[in-house]
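Q: Please see the structure below; I have some questions.
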Amino acid sequence: MSFAEYSEIIQEGDVVIIFLGHESMMPIKVQSGAQTQTRYGAIRHSSDLIGQRFGSKVTCSKGGWVYVLHPTPELWTVNLPHRTQILYTTDIANITLMLELKPGSVVCESGTGSGSLSHSIIRTIAPTGHLHTVEFHAQRAEKAMQEFKEHKVSHLVTVRNQDVCKDGFGITGIADAVFLDIPSPWEAITHAKSAMKRKGGRLCSFSPCIEQVQRTCEALLDHGFEEICTLEVLLRVHDVRAINLSLPDFGPEEGSADTPNTGNTSVICRTATPPREMAGHTGYLTFATKPRD
């Protein structure tokens, strides 16, 4: 099992996602002889998981059943252990698109945090790309390295425990893209520019406050970045449902001998209604392009 490529069969040491329902999932590490308790009963790793195909329907000890899913960055985002605030799929999808990431890209990231964005970047740039991620907090950096090893993507990522604003990313002139999610991104623009290739590249900064955006944009302009833009992504999910619409009876057509229809005629239609409530502001995404030197 790897987060960067798909496997068919569950093996010991794999991380799997136990799907109990649309609002209830849990990640577990498969270990021979171990058991996992759910509300539907126990799952025995040796007999119920090891050797089974990903996507299998597994019956628990109380008679209930669950699905065992192959982990993906999207599933990991909604199931990971939170060490920090994280980015969710709505923002991650736009970041991946706007940074123009593809297999073989070299990417710099700071900070690593809980690794939500890191896993999506790794899958996008695999199998020949590389992620250089910097985390200021020593324990979070160590935990991130451990997770990357368990998820079998450690060969695609280098984790550094340092202050990116003072020490940079530890590389020079090889990055295609840079992502910043730190309190003062304007202080890291110099290091971000030096890490990027001479032919140029893309930069993204995530900030929750508009004052951070203003200072970052000023620093980007001072360092010669172009095509600077800031956007905010808000997810608005519509509810699609079936409704009955009554058809009016206008009587028979002129000159027609048909009798009026006295019954209630209706037709079933599908309609979409906007949500009464929706998630609000998460943060601003500022994108910029480093021109060729």
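Residues are referred to by chain and number: the chain letter is A, B, ... according to the order shown in the structure tokens, the number counts from 1 in that chain, and ligands are numbered separately from 1 in the order shown.
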Need to verify the contact set: range 30-34 of chain A, 12 Å, only C-alpha atoms, exclusion of same-chain residues closer than 5 positions in sequence. Can you return it as a short mmCIF file (atom, residue, chain, number, x, y, z; two decimals) with C-alpha atoms, in the first residue's frame?
A:
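New file selection-v8.cif:
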```cif
data_model
loop_
_atom_site.label_atom_id
_atom_site.label_comp_id
_atom_site.auth_asym_id
_atom_site.auth_seq_id
_atom_site.Cartn_x
_atom_site.Cartn_y
_atom_site.Cartn_z
CA MET A 1 0.00 0.00 0.00
CA ILE A 10 -4.17 -5.61 1.89
CA GLN A 11 -0.89 -6.57 3.55
CA GLU A 12 0.45 -6.39 7.08
CA GLY A 13 1.70 -2.89 7.86
CA ASP A 14 -0.71 -1.18 5.47
CA VAL A 15 -2.82 1.79 6.51
CA VAL A 16 -6.48 1.27 5.55
CA ILE A 17 -9.61 3.40 5.92
CA ILE A 18 -12.53 1.70 7.69
CA ALA A 42 -14.54 -6.29 16.24
CA ILE A 43 -12.48 -6.49 13.06
CA ARG A 44 -9.80 -9.18 13.23
CA HIS A 45 -6.83 -8.05 11.18
CA SER A 46 -5.42 -11.51 10.43
CA SER A 47 -8.64 -13.07 9.14
CA ASP A 48 -10.72 -10.06 8.06
CA LEU A 49 -8.11 -7.76 6.49
CA ILE A 50 -4.79 -9.36 5.55
CA GLY A 51 -5.03 -10.93 2.09
CA GLN A 52 -8.38 -9.26 1.27
CA VAL A 68 -12.17 -1.40 3.86
CA GLU A 150 4.28 4.31 7.18
#
```
Q: Contacts of Leu99 in chain A at 12 Å or less, counting only C-alpha atoms, minus same-chain residues fewer than 2 places along, as JSON, numbers by chain?
A: {"A": [92, 93, 94, 95, 96, 97, 101, 102, 105, 106, 107, 108, 109, 121, 124, 125, 175, 176, 177, 178, 179, 180, 200, 201, 202, 203, 204, 205, 285, 286, 287, 288, 289, 290]}
Q: Pick out the residues sitting within 9 Å of Arg241 in chain A, and hand them over as a tab-separated table (two decimals) with N, CA, C and O atoms, in the first residue's frame; count only C-alpha atoms, and ignore anything fewer than 4 positions along from it in its own chain.
A:
```
chain	number	residue	atom	x	y	z
A	269	CYS	N	-40.33	16.46	-10.85
A	269	CYS	CA	-39.16	17.18	-11.34
A	269	CYS	C	-38.05	17.14	-10.28
A	269	CYS	O	-38.32	16.95	-9.08
A	270	ARG	N	-36.82	17.31	-10.73
A	270	ARG	CA	-35.70	17.42	-9.81
A	270	ARG	C	-35.23	18.87	-9.77
A	270	ARG	O	-35.12	19.52	-10.80
A	271	THR	N	-34.97	19.33	-8.58
A	271	THR	CA	-34.56	20.72	-8.41
A	271	THR	C	-33.39	20.79	-7.43
A	271	THR	O	-33.19	19.89	-6.61
A	272	ALA	N	-32.63	21.86	-7.53
A	272	ALA	CA	-31.49	22.08	-6.64
A	272	ALA	C	-31.75	23.35	-5.83
A	272	ALA	O	-32.11	24.39	-6.39
A	273	THR	N	-31.58	23.25	-4.54
A	273	THR	CA	-31.79	24.40	-3.66
A	273	THR	C	-30.48	24.72	-2.94
A	273	THR	O	-29.75	23.81	-2.52
```
Q: Can you pull out every residue from range 40-99 of chain A that DSSP, working from the backbone, puts in alpha helix (DSSP H), and format the result as a ChimeraX atom specification?
A: /A:73-77,89-98
Q: Create the file for the chosen residues now, containing all heavy atoms and written as a tab-separated table (two decimals), in the first residue's frame.
A:
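As a result, part-v5.tsv now contains:
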```
chain	number	residue	atom	x	y	z
A	73	PRO	N	-5.17	10.69	-0.57
A	73	PRO	CA	-5.00	11.97	0.11
A	73	PRO	C	-6.32	12.60	0.54
A	73	PRO	O	-6.40	13.24	1.60
A	73	PRO	CB	-4.29	12.83	-0.95
A	73	PRO	CG	-3.52	11.84	-1.76
A	73	PRO	CD	-4.41	10.62	-1.82
A	74	GLU	N	-7.38	12.44	-0.26
A	74	GLU	CA	-8.68	13.01	0.10
A	74	GLU	C	-9.25	12.35	1.34
A	74	GLU	O	-9.76	13.03	2.25
A	74	GLU	CB	-9.66	12.86	-1.07
A	74	GLU	CG	-9.35	13.71	-2.28
A	74	GLU	CD	-8.23	13.13	-3.14
A	74	GLU	OE1	-7.89	11.93	-2.98
A	74	GLU	OE2	-7.68	13.87	-3.97
A	75	LEU	N	-9.17	11.01	1.42
A	75	LEU	CA	-9.65	10.31	2.60
A	75	LEU	C	-8.78	10.62	3.81
A	75	LEU	O	-9.28	10.72	4.94
A	75	LEU	CB	-9.67	8.80	2.34
A	75	LEU	CG	-10.75	8.28	1.39
A	75	LEU	CD1	-10.56	6.79	1.13
A	75	LEU	CD2	-12.14	8.54	1.95
A	76	TRP	N	-7.47	10.76	3.59
A	76	TRP	CA	-6.58	11.06	4.71
A	76	TRP	C	-6.88	12.45	5.28
A	76	TRP	O	-6.81	12.66	6.49
A	76	TRP	CB	-5.12	10.96	4.26
A	76	TRP	CG	-4.13	11.14	5.36
A	76	TRP	CD1	-3.24	12.16	5.52
A	76	TRP	CD2	-3.93	10.28	6.49
A	76	TRP	NE1	-2.49	11.98	6.66
A	76	TRP	CE2	-2.90	10.84	7.28
A	76	TRP	CE3	-4.53	9.09	6.91
A	76	TRP	CZ2	-2.45	10.25	8.46
A	76	TRP	CZ3	-4.08	8.49	8.08
A	76	TRP	CH2	-3.06	9.07	8.85
A	77	THR	N	-7.23	13.39	4.43
A	77	THR	CA	-7.53	14.75	4.88
A	77	THR	C	-8.68	14.76	5.89
A	77	THR	O	-8.63	15.51	6.87
A	77	THR	CB	-7.88	15.65	3.67
A	77	THR	OG1	-6.68	15.86	2.90
A	77	THR	CG2	-8.43	16.99	4.11
A	89	THR	N	-9.88	19.73	0.94
A	89	THR	CA	-9.80	19.40	-0.48
A	89	THR	C	-10.16	20.57	-1.38
A	89	THR	O	-9.59	20.73	-2.47
A	89	THR	CB	-10.72	18.20	-0.78
A	89	THR	OG1	-10.35	17.10	0.06
A	89	THR	CG2	-10.59	17.76	-2.23
A	90	THR	N	-11.10	21.42	-0.97
A	90	THR	CA	-11.50	22.55	-1.80
A	90	THR	C	-10.33	23.46	-2.10
A	90	THR	O	-10.10	23.85	-3.26
A	90	THR	CB	-12.62	23.35	-1.11
A	90	THR	OG1	-13.69	22.46	-0.76
A	90	THR	CG2	-13.15	24.43	-2.02
A	91	ASP	N	-9.56	23.82	-1.07
A	91	ASP	CA	-8.38	24.67	-1.27
A	91	ASP	C	-7.24	23.89	-1.93
A	91	ASP	O	-6.53	24.43	-2.78
A	91	ASP	CB	-7.92	25.25	0.06
A	91	ASP	CG	-8.83	26.36	0.57
A	91	ASP	OD1	-9.27	27.18	-0.25
A	91	ASP	OD2	-9.11	26.39	1.78
A	92	ILE	N	-7.06	22.63	-1.51
A	92	ILE	CA	-5.96	21.82	-2.04
A	92	ILE	C	-6.08	21.67	-3.56
A	92	ILE	O	-5.08	21.75	-4.28
A	92	ILE	CB	-5.94	20.44	-1.35
A	92	ILE	CG1	-5.52	20.60	0.11
A	92	ILE	CG2	-5.00	19.49	-2.07
A	92	ILE	CD1	-5.62	19.32	0.92
A	93	ALA	N	-7.29	21.44	-4.06
A	93	ALA	CA	-7.49	21.26	-5.49
A	93	ALA	C	-7.06	22.51	-6.26
A	93	ALA	O	-6.41	22.42	-7.32
A	93	ALA	CB	-8.94	20.92	-5.79
A	94	ASN	N	-7.40	23.68	-5.74
A	94	ASN	CA	-7.02	24.92	-6.41
A	94	ASN	C	-5.52	25.17	-6.32
A	94	ASN	O	-4.91	25.67	-7.28
A	94	ASN	CB	-7.79	26.09	-5.80
A	94	ASN	CG	-9.20	26.21	-6.32
A	94	ASN	OD1	-9.45	26.86	-7.31
A	94	ASN	ND2	-10.14	25.55	-5.64
A	95	ILE	N	-4.92	24.83	-5.20
A	95	ILE	CA	-3.47	24.99	-5.05
A	95	ILE	C	-2.73	24.12	-6.05
A	95	ILE	O	-1.80	24.56	-6.74
A	95	ILE	CB	-3.05	24.67	-3.61
A	95	ILE	CG1	-3.62	25.70	-2.64
A	95	ILE	CG2	-1.53	24.60	-3.49
A	95	ILE	CD1	-3.50	25.32	-1.18
A	96	THR	N	-3.14	22.86	-6.15
A	96	THR	CA	-2.49	21.93	-7.08
A	96	THR	C	-2.62	22.42	-8.52
A	96	THR	O	-1.67	22.34	-9.31
A	96	THR	CB	-3.11	20.53	-6.95
A	96	THR	OG1	-3.00	20.09	-5.60
A	96	THR	CG2	-2.41	19.53	-7.85
A	97	LEU	N	-3.79	22.94	-8.87
A	97	LEU	CA	-4.02	23.44	-10.22
A	97	LEU	C	-3.20	24.70	-10.50
A	97	LEU	O	-2.48	24.77	-11.51
A	97	LEU	CB	-5.51	23.73	-10.42
A	97	LEU	CG	-5.90	24.47	-11.69
A	97	LEU	CD1	-5.69	23.57	-12.91
A	97	LEU	CD2	-7.34	24.96	-11.62
A	98	MET	N	-3.28	25.67	-9.61
A	98	MET	CA	-2.67	26.97	-9.87
A	98	MET	C	-1.14	26.94	-9.78
A	98	MET	O	-0.46	27.77	-10.38
A	98	MET	CB	-3.23	28.01	-8.92
A	98	MET	CG	-4.71	28.25	-9.08
A	98	MET	SD	-5.13	29.05	-10.64
A	98	MET	CE	-4.61	30.73	-10.30
```
Q: Choose the residue, out of A:Thr72, A:Thr190, A:Thr84, A:Ser24, that has the smallest atom-to-atom separation from Gly113 in chain A; count only C-alpha atoms.
A: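 Closest to Gly113 in chain A of all the choices is A:Thr84.
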